[in-house]
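Engineer: Please read through the structure below; I'll follow up with questions.
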Amino acid sequence: MSTEYVLVTGGAGYIGTHAVVELLQAGYNVVVVDNLVNASMESIGRVEEITGKKVPSHQVDLLDKEAVKKIFQQYKISLVMHFAGLKAVGESVQLPLLYYHTNVGGTVNLLEVMKEFSVKNIIFSSSATVYGAPQYLPVDEKHPTGSCTNAYGKTKFFIEEIIRDVCAADKEWNAVILRYFNPVGAHKSGKIGENPQGVPNNLMPFVAQVAVGRRECLTVFGSDYDTPDGTGVRDYIHIVDLAQGHVAAMKKIQEKCGCVVYNLGTGVGYSVLDMVKAFQKATGKEIPYKIAPRREGDIATVYADPKTAEQELGWKTTRSLEEMCEDLWRWQSNNPHGYAPAPSSS
Ligand code: UFG
């Protein structure tokens, strides 16, 4: 019998690498494809160091359908875990067509190749952004979707809808759509973590770069929200908890679940200033910050109702805010320039 593989698209990225580690440790065979636009194969080398296993990896763009087909010819794939996509909210507002072409077009290609090869199991990396501004809290999976205002978030919503239609048209398909809240932190080893290119858009990578001396000061976007301290409140989830949610989803798919959706979050909200304080306490590093106006498109508060995932996947988060900060700092301090070598001083 030939070996069966899980195909991980975007497997060299932040969430992908952590998912690959958990999959390998749970005994699955993994093949990675990544176009390396926002990642490097160095991360896969680190995954191999952590797990002691070889990870077959290919530089493939999902827009290149022939290259995707070759992967399906080369490996016996039983399920696809689909992380690949562009993810910068601000950029998506400036370049909507790039986002629709890459994220939606790439996914349609992938689904077509999967259909051609009768691989009808997919786990999709969606986002809490599909809920838009919450109508109630905590946000459960029944909350209306599709009202988010940026193109990035809309690509997640459209892809969810496409996957739902594919499952409705052919009952042999199974899909688990996972809506992530705010993934932070890094693997305990300090070998893999988030490696943003340029100025980080997200809060915790920015905080970590201030701590390591790459940036002077954090800008806090808005202190006049209707929240306990006036700064935005989010549901931060440890990346390893999030990655383990994907292993739980694998088991769900094996039950032939049809198309199902789960929030991956902790159910607890923390403000920007809570996060800064927690990071300072966990690491002993001072984080200077200044208050600035709100960032366009941001909302005051969002956090998950995670109980459906607990009931149906048997999964819940176990890692504390302190651990998120400690693990992030281990990664950032061991790798001040991410996967890139330190710039030479000459
Ligand atoms: N923030 C700052 N300063 C920064 C960066 C962020 O104050 O330099 C604040 C934001 O205003 C917000 C909070 O920190 O209140 C979290 O911001 P992030 O950018 O880290 O996360 P978001 O919740 O805005 O975005 C995340 C994901 C997106 C996704 C979105 C959906 O990163 O991919 O959730 O809610 F679309």
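Chain labels run A, B, ... following the order of the structure tokens; each chain numbers its residues from 1, and ligands are numbered from 1 in the order shown.
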Just want the 8 Å neighbourhood of Tyr180 (chain A), counted on only C-alpha atoms, with same-chain residues fewer than 3 positions away dropped. Output as a list in words.

Structural biologist: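 The residues that qualify are Ser125, Ser126, Ser127, Ala128, Pro183, Leu242, Asn263, Leu264 and Gly265 of chain A.
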
Engineer: Restricted to all heavy atoms, what would the selected residues look like written as a CSV table (one decimal), in the first residue's frame?

Structural biologist:
chain,number,residue,atom,x,y,z
A,125,SER,N,-8.4,27.3,6.3
A,125,SER,CA,-7.9,28.3,7.2
A,125,SER,C,-8.7,29.6,7.0
A,125,SER,O,-8.3,30.4,6.1
A,125,SER,CB,-6.4,28.5,6.7
A,125,SER,OG,-5.8,29.6,7.3
A,126,SER,N,-9.8,29.8,7.7
A,126,SER,CA,-10.6,31.0,7.6
A,126,SER,C,-10.3,31.9,8.8
A,126,SER,O,-9.3,31.7,9.5
A,126,SER,CB,-12.1,30.7,7.5
A,126,SER,OG,-12.8,31.8,7.2
A,127,SER,N,-11.1,32.9,8.9
A,127,SER,CA,-10.7,34.0,9.9
A,127,SER,C,-12.0,34.5,10.6
A,127,SER,O,-13.1,34.6,9.9
A,127,SER,CB,-10.0,35.1,9.2
A,127,SER,OG,-10.0,36.3,10.0
A,128,ALA,N,-11.9,34.9,11.8
A,128,ALA,CA,-13.0,35.6,12.5
A,128,ALA,C,-13.4,36.9,11.8
A,128,ALA,O,-14.5,37.4,12.0
A,128,ALA,CB,-12.6,35.9,13.9
A,183,PRO,N,-4.0,34.5,16.3
A,183,PRO,CA,-2.9,33.6,16.7
A,183,PRO,C,-1.7,34.4,17.1
A,183,PRO,O,-1.3,35.3,16.3
A,183,PRO,CB,-2.7,32.8,15.4
A,183,PRO,CG,-3.8,33.2,14.4
A,183,PRO,CD,-4.3,34.5,14.9
A,242,LEU,N,-3.8,26.5,18.4
A,242,LEU,CA,-4.4,26.6,17.1
A,242,LEU,C,-4.1,25.5,16.2
A,242,LEU,O,-4.9,24.8,15.6
A,242,LEU,CB,-4.1,28.0,16.5
A,242,LEU,CG,-4.8,28.3,15.2
A,242,LEU,CD1,-6.0,29.1,15.5
A,242,LEU,CD2,-3.9,29.0,14.2
A,263,ASN,N,-15.1,27.9,15.3
A,263,ASN,CA,-14.2,29.0,15.8
A,263,ASN,C,-13.0,28.3,16.5
A,263,ASN,O,-13.2,27.4,17.3
A,263,ASN,CB,-15.0,29.8,16.9
A,263,ASN,CG,-16.0,30.7,16.3
A,263,ASN,OD1,-16.0,31.1,15.1
A,263,ASN,ND2,-16.9,31.2,17.1
A,264,LEU,N,-11.9,28.9,16.3
A,264,LEU,CA,-10.7,28.5,17.1
A,264,LEU,C,-10.3,29.8,17.9
A,264,LEU,O,-9.7,30.7,17.3
A,264,LEU,CB,-9.6,28.0,16.3
A,264,LEU,CG,-9.8,26.7,15.5
A,264,LEU,CD1,-8.5,26.2,14.9
A,264,LEU,CD2,-10.3,25.6,16.4
A,265,GLY,N,-10.7,29.8,19.1
A,265,GLY,CA,-10.3,30.9,20.0
A,265,GLY,C,-10.4,30.5,21.4
A,265,GLY,O,-10.6,29.3,21.7

Engineer: Could you pull out the residues in region 188-245 of chain A that DSSP calls strand (DSSP E or B) from the backbone, as a PyMOL selection string?

Structural biologist: chain A and resi 218-221+233-234+236-238

Engineer: Would you save the residues from that selection as a PDB file, in the first residue's frame, using N, CA and C atoms?

Structural biologist:
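Saved the output as out_21.pdb:
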ATOM      1  N   LEU A 218       5.971  51.175  20.201  1.00  0.00           N
ATOM      2  CA  LEU A 218       4.695  50.660  19.684  1.00  0.00           C
ATOM      3  C   LEU A 218       3.718  51.818  19.527  1.00  0.00           C
ATOM      4  N   THR A 219       2.964  51.794  18.447  1.00  0.00           N
ATOM      5  CA  THR A 219       1.863  52.741  18.300  1.00  0.00           C
ATOM      6  C   THR A 219       0.578  52.021  18.663  1.00  0.00           C
ATOM      7  N   VAL A 220      -0.134  52.550  19.659  1.00  0.00           N
ATOM      8  CA  VAL A 220      -1.420  51.951  20.051  1.00  0.00           C
ATOM      9  C   VAL A 220      -2.508  52.684  19.274  1.00  0.00           C
ATOM     10  N   PHE A 221      -3.238  51.912  18.466  1.00  0.00           N
ATOM     11  CA  PHE A 221      -4.234  52.525  17.582  1.00  0.00           C
ATOM     12  C   PHE A 221      -5.563  52.746  18.301  1.00  0.00           C
ATOM     13  N   VAL A 233     -10.035  45.208  22.016  1.00  0.00           N
ATOM     14  CA  VAL A 233     -10.012  43.913  22.702  1.00  0.00           C
ATOM     15  C   VAL A 233     -10.147  42.782  21.671  1.00  0.00           C
ATOM     16  N   ARG A 234      -9.231  41.789  21.797  1.00  0.00           N
ATOM     17  CA  ARG A 234      -9.229  40.643  20.875  1.00  0.00           C
ATOM     18  C   ARG A 234      -9.048  39.352  21.651  1.00  0.00           C
ATOM     19  N   TYR A 236      -6.784  36.423  21.776  1.00  0.00           N
ATOM     20  CA  TYR A 236      -5.464  35.933  21.358  1.00  0.00           C
ATOM     21  C   TYR A 236      -5.341  34.456  21.698  1.00  0.00           C
ATOM     22  N   ILE A 237      -4.903  33.671  20.714  1.00  0.00           N
ATOM     23  CA  ILE A 237      -4.806  32.217  20.902  1.00  0.00           C
ATOM     24  C   ILE A 237      -3.384  31.760  20.593  1.00  0.00           C
ATOM     25  N   HIS A 238      -2.843  30.914  21.479  1.00  0.00           N
ATOM     26  CA  HIS A 238      -1.483  30.401  21.273  1.00  0.00           C
ATOM     27  C   HIS A 238      -1.437  29.592  19.980  1.00  0.00           C
TER      28      HIS A 238
END

Engineer: Mind giving me the straight-line distance from atom 30 (C, counted along the ligand's line) of ligand 1 to CA of Ser271 (chain A) in Å, one decimal?

Structural biologist: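 Between these atoms lies a distance of 14.5 Å.
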
Engineer: Which one of A:Tyr100, A:Tyr270, A:Tyr14, A:Phe157 sits closest to Ser320 (chain A) if you count only C-alpha atoms?

Structural biologist: A:Tyr270

Engineer: Please compute the CA of Val276 (chain A)-CA of Val207 (chain A) distance, one decimal, in Å.

Structural biologist: 7.3 Å

Engineer: Tell me, which residues of region 20-139 of chain A carry DSSP helix (DSSP H, G or I), written as a VMD selection string?

Structural biologist: chain A and resid 20 to 25 42 to 51 65 to 74 89 to 94 96 to 116 128 to 131

Engineer: Counting only C-alpha atoms, what is within 8 Å of region 15-24 of chain A, bar same-chain residues fewer than 4 positions away, as a list of chain:residue names?

Structural biologist: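 My reading of the contact set: A:Val8, A:Thr9, A:Gly10, A:Gly11, A:Tyr28, A:Asn29, A:Val30, A:Ser43, A:Ile44, A:Val47, A:Ile50, A:Thr51, A:Lys53, A:Phe83, A:His187, A:Ile192, A:Ile239, A:Val240, A:Ala243, A:Gln244, A:His246, A:Val247.
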
Engineer: Export, as a PDB file, in the first residue's frame, the selected residues with C-alpha atoms.

Structural biologist:
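Output file part_31.pdb follows:
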ATOM      1  CA  VAL A   8      -0.345  21.432   3.370  1.00  0.00           C
ATOM      2  CA  THR A   9      -0.576  24.550   1.185  1.00  0.00           C
ATOM      3  CA  GLY A  10       1.245  27.542   2.640  1.00  0.00           C
ATOM      4  CA  GLY A  11       3.093  25.067   4.835  1.00  0.00           C
ATOM      5  CA  TYR A  28       0.610  11.894   9.691  1.00  0.00           C
ATOM      6  CA  ASN A  29       2.809  12.135   6.583  1.00  0.00           C
ATOM      7  CA  VAL A  30       2.964  15.637   5.213  1.00  0.00           C
ATOM      8  CA  SER A  43      11.261  27.304   8.185  1.00  0.00           C
ATOM      9  CA  ILE A  44      10.778  23.751   6.893  1.00  0.00           C
ATOM     10  CA  VAL A  47      10.343  21.895  11.377  1.00  0.00           C
ATOM     11  CA  ILE A  50      12.004  19.876  15.792  1.00  0.00           C
ATOM     12  CA  THR A  51      10.348  16.664  14.626  1.00  0.00           C
ATOM     13  CA  LYS A  53      11.330  13.902  10.250  1.00  0.00           C
ATOM     14  CA  PHE A  83      -3.343  27.827   4.423  1.00  0.00           C
ATOM     15  CA  HIS A 187       6.622  26.780  19.247  1.00  0.00           C
ATOM     16  CA  ILE A 192       9.781  28.502  14.398  1.00  0.00           C
ATOM     17  CA  ILE A 239      -0.328  29.193  17.855  1.00  0.00           C
ATOM     18  CA  VAL A 240       0.302  25.656  19.157  1.00  0.00           C
ATOM     19  CA  ALA A 243      -2.280  24.070  15.318  1.00  0.00           C
ATOM     20  CA  GLN A 244      -3.625  21.299  17.542  1.00  0.00           C
ATOM     21  CA  HIS A 246      -6.178  21.235  13.027  1.00  0.00           C
ATOM     22  CA  VAL A 247      -5.229  17.765  14.225  1.00  0.00           C
TER      23      VAL A 247
END

Engineer: When you count only C-alpha atoms, which of these residues is closest to Pro134 (chain A): A:Ile122, A:Asp305, A:Tyr339, A:Glu310?

Structural biologist: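 The answer is A:Asp305, which sits nearest to Pro134 (chain A).
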
Engineer: Mind checking which residues fall within 12 Å of Leu98 (chain A), counting only C-alpha atoms, ignoring those fewer than 5 positions away in the same chain, and posting them as a ChimeraX atom specification?

Structural biologist: /A:63,85-88,91-93,103-106,151-152,155

Engineer: For the residues in the current selection, export N, CA and C atoms as a PDB file, in the first residue's frame.

Structural biologist:
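Produced file out-v2.pdb, reproduced below:
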ATOM      1  N   LEU A  63      -1.720  29.165  -8.328  1.00  0.00           N
ATOM      2  CA  LEU A  63      -2.217  29.704  -9.602  1.00  0.00           C
ATOM      3  C   LEU A  63      -1.655  28.919 -10.778  1.00  0.00           C
ATOM      4  N   GLY A  85      -2.220  31.840   1.045  1.00  0.00           N
ATOM      5  CA  GLY A  85      -2.982  33.027   0.670  1.00  0.00           C
ATOM      6  C   GLY A  85      -2.289  34.281   1.157  1.00  0.00           C
ATOM      7  N   LEU A  86      -2.685  35.395   0.546  1.00  0.00           N
ATOM      8  CA  LEU A  86      -2.181  36.694   1.013  1.00  0.00           C
ATOM      9  C   LEU A  86      -3.028  37.135   2.197  1.00  0.00           C
ATOM     10  N   LYS A  87      -2.430  37.905   3.121  1.00  0.00           N
ATOM     11  CA  LYS A  87      -3.161  38.135   4.378  1.00  0.00           C
ATOM     12  C   LYS A  87      -3.042  39.543   4.964  1.00  0.00           C
ATOM     13  N   ALA A  88      -2.510  40.494   4.197  1.00  0.00           N
ATOM     14  CA  ALA A  88      -2.359  41.839   4.767  1.00  0.00           C
ATOM     15  C   ALA A  88      -3.623  42.666   4.494  1.00  0.00           C
ATOM     16  N   GLU A  91      -3.106  46.120   2.654  1.00  0.00           N
ATOM     17  CA  GLU A  91      -2.713  45.899   1.252  1.00  0.00           C
ATOM     18  C   GLU A  91      -3.916  45.444   0.427  1.00  0.00           C
ATOM     19  N   SER A  92      -4.779  44.639   1.038  1.00  0.00           N
ATOM     20  CA  SER A  92      -5.935  44.108   0.292  1.00  0.00           C
ATOM     21  C   SER A  92      -6.910  45.211  -0.105  1.00  0.00           C
ATOM     22  N   VAL A  93      -6.933  46.294   0.690  1.00  0.00           N
ATOM     23  CA  VAL A  93      -7.811  47.417   0.358  1.00  0.00           C
ATOM     24  C   VAL A  93      -7.246  48.170  -0.856  1.00  0.00           C
ATOM     25  N   ASN A 103      -6.086  34.588  -3.741  1.00  0.00           N
ATOM     26  CA  ASN A 103      -6.734  33.760  -2.710  1.00  0.00           C
ATOM     27  C   ASN A 103      -7.899  32.961  -3.287  1.00  0.00           C
ATOM     28  N   VAL A 104      -8.799  33.647  -3.996  1.00  0.00           N
ATOM     29  CA  VAL A 104      -9.974  32.937  -4.519  1.00  0.00           C
ATOM     30  C   VAL A 104      -9.561  32.090  -5.724  1.00  0.00           C
ATOM     31  N   GLY A 105      -8.797  32.700  -6.664  1.00  0.00           N
ATOM     32  CA  GLY A 105      -8.363  31.955  -7.861  1.00  0.00           C
ATOM     33  C   GLY A 105      -7.520  30.743  -7.493  1.00  0.00           C
ATOM     34  N   GLY A 106      -6.597  30.930  -6.564  1.00  0.00           N
ATOM     35  CA  GLY A 106      -5.733  29.820  -6.137  1.00  0.00           C
ATOM     36  C   GLY A 106      -6.556  28.698  -5.531  1.00  0.00           C
ATOM     37  N   ALA A 151     -10.943  43.574   1.431  1.00  0.00           N
ATOM     38  CA  ALA A 151     -10.918  42.508   0.419  1.00  0.00           C
ATOM     39  C   ALA A 151     -10.338  41.217   0.979  1.00  0.00           C
ATOM     40  N   TYR A 152      -9.330  41.317   1.858  1.00  0.00           N
ATOM     41  CA  TYR A 152      -8.769  40.104   2.463  1.00  0.00           C
ATOM     42  C   TYR A 152      -9.865  39.296   3.153  1.00  0.00           C
ATOM     43  N   THR A 155     -12.198  37.650   0.813  1.00  0.00           N
ATOM     44  CA  THR A 155     -11.717  36.415   0.151  1.00  0.00           C
ATOM     45  C   THR A 155     -11.972  35.218   1.070  1.00  0.00           C
TER      46      THR A 155
END

Engineer: Which polymer residues have any atom within 9 Å of an atom of Leu273 (chain A), counting only C-alpha atoms, with same-chain residues fewer than 5 positions away left out, as a list in words?

Structural biologist: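 After dropping sequence-adjacent residues, the list is Val220, Asp229, Thr231, Gly232 and Ala278 of chain A.
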
Engineer: Could you check the closest approach to Ala168 (chain A) for each of A:Val32, A:Met250, A:Cys259, A:Val210 and tell me which residue wins, using only C-alpha atoms?

Structural biologist: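 Comparing A:Val32, A:Met250, A:Cys259, A:Val210 against Ala168 (chain A), the winner is A:Cys259.
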
Engineer: Which distance in Å separates CA of His101 (chain A) and CA of His82 (chain A), to one decimal?

Structural biologist: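 According to the coordinates, CA of His101 (chain A) and CA of His82 (chain A) are separated by 16.0 Å.
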
Engineer: Nearest to Lys251 (chain A): which of A:Ile287, A:Ala175, A:Val37, A:Leu203 is it, counting only C-alpha atoms?

Structural biologist: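 Nearest to Lys251 (chain A): A:Ala175.
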